[in-house]
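Asks: My questions will all concern the structure given below.
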Amino acid sequence: MAAKSITHLKNGFTLVELLVVIAIIGILIGMLLPAVQMVRESARRITCGNNIRQFGLSMHNYESAQGHLPSGWSEDGFTWGIEILPHIEQQNLYQTIQRGVSWKSGANELAAATLVPIARCPTSPIADHIDHNGVTDRVPADYRANIGSNVRGDSGPALADSVSARDGDLNGVFWGCSQTKFSAVSDGLSNTILIAESRTDPKFKKDGNSSDHWFIGSPNIDGFQCGDSSIGGGTGGGDYSEVVGSGIVAMNARISDPSLHGALMEISLGSYHNGGMNVVLGDGSTHFITEDVETTVYRATFSRNGSEVEVIH
C-alpha cells in the first residue's frame with residue numbers, strides 16, 4: 001500500500017493582514033502623538049510657572065532687603081534682571097558685571113551671554129544664544145516686568161490717554177529708576193502684575209521695532225539718567241521695551257492684530273503657550289491668564305494705583 005503524502009502548513013500573516021496591522025498601528029500612533037505633545041506642553045507650562053514664581057519670590061526678597069523693588073532699568077543699561085541676580089542664586093554672576101562698561105565686550109558681554117535658566121521658558125522656540133546688536137551669544141529672555149496699563153512703548157502712535165516708556169512716575173511697577181515700594185501698590189498686591197511672560201522673537205521686525213527681549217543688560221538702554229521721577233530720563237538709548245511690557249494692548253498683539261504699529265506689538269506681553277500666559281502678582285501668587293480675558297480686567301492688573309475693581313483670580 002502506497003504511503004500517503006502529508007503536507008505541513010506553516011502559520012503566518014497574509015499580505016493583506018500585515019497591511020491592516022500596519023494601518024492600525026499608524027492610526028494608534030497618530031492618536032497617541034497629540035496626547036504625548038499635550039502632556040509635554042503641560043509639563044513645560046508648569047516649569048514656566050515655577051520660573052515666574054521664583055521671580056516673584058526674588059522680588060519680595062529684594063524689597064525686604066532694599067526697602068523697594070528694583071528699577072525696571074537704571075543707568076548704564078542695568079536691568080531689573082541684573083538687580084535680582086543675588087536673590088536667584090546668581091551672586092557670582094552679579095559680581096562680574098561692571099557699571100559704565102560696554103555691553104559689547106569684556107565681562108559685561110560674557111554676562112549677557114550667560115544662561116540664567118529661570119529667564120527662559122521651555123516652550124519658547126528661540127535659541128538660547130543669539131548674536132544680536134553687537135553682543136555675541138546674547139541670551140534672550142522670556143519674561144518682562146510690568147511698566148503699566150497705558151504705556152505705548154518707546155515710540156509709535158500716541159494713543160489717547162497713553163504715555164511713553166520714557167516718561168516717569170508711570171502707573172505700573174517698573175520703569176526707569178522707579179524703585180517702587182510695595183506700599184505704593186494701592187490697588188493691592190494680589191491685584192497687580194509684577195512679571196509676565198513675553199513672546200520673544202528677535203527676528204520679528206516692524207516699523208523699526210523688534211520683539212527682542214533680554215534679561216541681563218542692554219546697549220540699547222544704557223546712558224539713561226536717573227533724575228526727577230516725574231519727568232523721566234532717556235538721554236541715552238531708548239529701547240526700554242526690551243525689558244518691560246504693558247497692558248495697553250491685548251496679549252500676543254502681533255499675532256492677534258497684525259495691523260498694529262510695531263511699537264505696540266513690541267510692548268505687548270504674551271507667550272508661546274496655547275491660550276494665554278503665566279504671570280506672578282505682587283503677593284507672589286502665579287496665574288495663567290487666558291487670551292479671552294476681558295480687556296478691562298486685563299488692563300486693570302497692570303496698574304498699581306488705578307482703583308479698579310476688576311481683578312484676576
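Letters A, B, ... mark the chains of the C-alpha cells in the order given; residue numbers begin at 1 per chain; ligand numbers begin at 1, in order shown.
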Based on the backbone DSSP call, show me all residues of segment 72-237 of chain A assigned strand (DSSP E), as a list in words.

Replies: Ile130, Asp131, His132, Val135, Thr136, Asp137, Arg138, Tyr143, Arg144, Ala145, Asn146, Ile147, Gly148, Ile193, Leu194, Ile195, Ala196, Glu197, Asp201, Pro202, Lys203, Phe204, Lys205, Lys206, Asn209, Ser210 and Ser211 of chain A

Asks: Do a neighbour search on Val279 of chain A at 8 Å with only C-alpha atoms, toss out local chain neighbours closer than 5 positions, and write the hits as a list in words.

Replies: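 Result of the neighbour search: Gly49, Ile52, Ile193, Leu194, Ile195, Ala196, Glu197, Thr286, His287, Phe288 and Ile289 of chain A.
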
Asks: Once you have the residues from the selection above, write them out as a tab-separated table (two decimals), in the first residue's frame, restricted to N, CA and C atoms.

Replies:
chain	number	residue	atom	x	y	z
A	49	GLY	N	5.72	78.24	34.87
A	49	GLY	CA	5.06	78.82	36.03
A	49	GLY	C	5.97	78.84	37.25
A	52	ILE	N	8.45	81.76	36.88
A	52	ILE	CA	7.88	83.06	37.18
A	52	ILE	C	7.56	83.20	38.67
A	193	ILE	N	0.11	92.85	38.59
A	193	ILE	CA	1.15	92.02	38.00
A	193	ILE	C	2.54	92.59	38.28
A	194	LEU	N	3.48	91.72	38.63
A	194	LEU	CA	4.88	92.11	38.72
A	194	LEU	C	5.62	91.72	37.43
A	195	ILE	N	5.59	90.43	37.11
A	195	ILE	CA	6.31	89.89	35.95
A	195	ILE	C	5.35	89.05	35.12
A	196	ALA	N	5.47	89.15	33.80
A	196	ALA	CA	4.64	88.36	32.89
A	196	ALA	C	5.51	87.75	31.80
A	197	GLU	N	4.95	86.78	31.12
A	197	GLU	CA	5.68	86.15	30.02
A	197	GLU	C	5.77	87.09	28.81
A	286	THR	N	0.97	82.93	41.41
A	286	THR	CA	1.09	82.81	39.96
A	286	THR	C	-0.26	82.43	39.36
A	287	HIS	N	-0.51	82.94	38.15
A	287	HIS	CA	-1.77	82.68	37.48
A	287	HIS	C	-1.52	82.51	35.98
A	288	PHE	N	-2.39	81.77	35.33
A	288	PHE	CA	-2.37	81.66	33.88
A	288	PHE	C	-3.54	82.47	33.35
A	289	ILE	N	-3.24	83.62	32.74
A	289	ILE	CA	-4.28	84.50	32.20
A	289	ILE	C	-4.61	84.03	30.78

Asks: Any idea what's packed within 8 Å of segment 114-121 of chain A, counting only C-alpha atoms, ignoring anything in its chain fewer than 4 positions away? Could you give it as a PyMOL selection string?

Replies: chain A and resi 44+47-48+51-52+54+110+128+138-143+215

Asks: Distance table requested - segment 58-104 of chain A against segment 158-177 of chain A, cut-off 9 Å, only C-alpha atoms: one row per qualifying residue with the closest atom pair and its distance in Å to one decimal, ordered by chain and rising residue number, as CSV.

Replies:
residue,atom,partner,partner_atom,distance
A:Leu69,CA,A:Phe174,CA,8.1
A:Pro70,CA,A:Phe174,CA,7.5
A:Ser71,CA,A:Cys177,CA,4.9
A:Gly72,CA,A:Phe174,CA,4.3
A:Trp73,CA,A:Gly176,CA,5.0
A:Ser74,CA,A:Cys177,CA,5.1
A:Glu75,CA,A:Cys177,CA,7.9
A:Trp80,CA,A:Phe174,CA,8.2

Asks: Check segment 93-281 of chain A with DSSP on the backbone and list each residue it calls helix (DSSP H, G or I), as a count of residues only.

Replies: 33

Asks: Choose the residue, out of A:Leu85, A:Val151, A:Cys226, A:Ile126, that has the smallest atom-to-atom separation from Tyr272 of chain A; count only C-alpha atoms.

Replies: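 When distances to Tyr272 of chain A are compared using only C-alpha atoms, the smallest one comes from A:Ile126.
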
Asks: With distances taken over only C-alpha atoms, which residue among A:Asn133, A:Gln225, A:Ser183, A:Thr295 lies nearest His213 of chain A?

Replies: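 Distance minimum relative to His213 of chain A lands on A:Asn133.
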
Asks: Can you list, as a list in words, every protein, DNA or RNA residue that comes within 6 Å of Met251 of chain A when you count only C-alpha atoms, leaving out same-chain residues fewer than 3 positions away?

Replies: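 The filter keeps Ser268, Leu269 and Gly270 of chain A.
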
Asks: Name all residues at most 8 Å from segment 258-263 of chain A (count only C-alpha atoms; drop same-chain ones fewer than 4 positions away) and give them as a PyMOL selection string.

Replies: chain A and resi 152-157+205-210+253-254+267

Asks: Distance atom CA of Ile130 of chain A-atom CA of Glu266 of chain A, one decimal place?

Replies: 18.4 Å

Asks: I need the residue nearest Leu189 of chain A from this list: A:Ile216, A:Val280, A:Leu28, A:Ile22. Use only C-alpha atoms for the distance.

Replies: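 Looking at the shortest contact to Leu189 of chain A, the residue is A:Val280.
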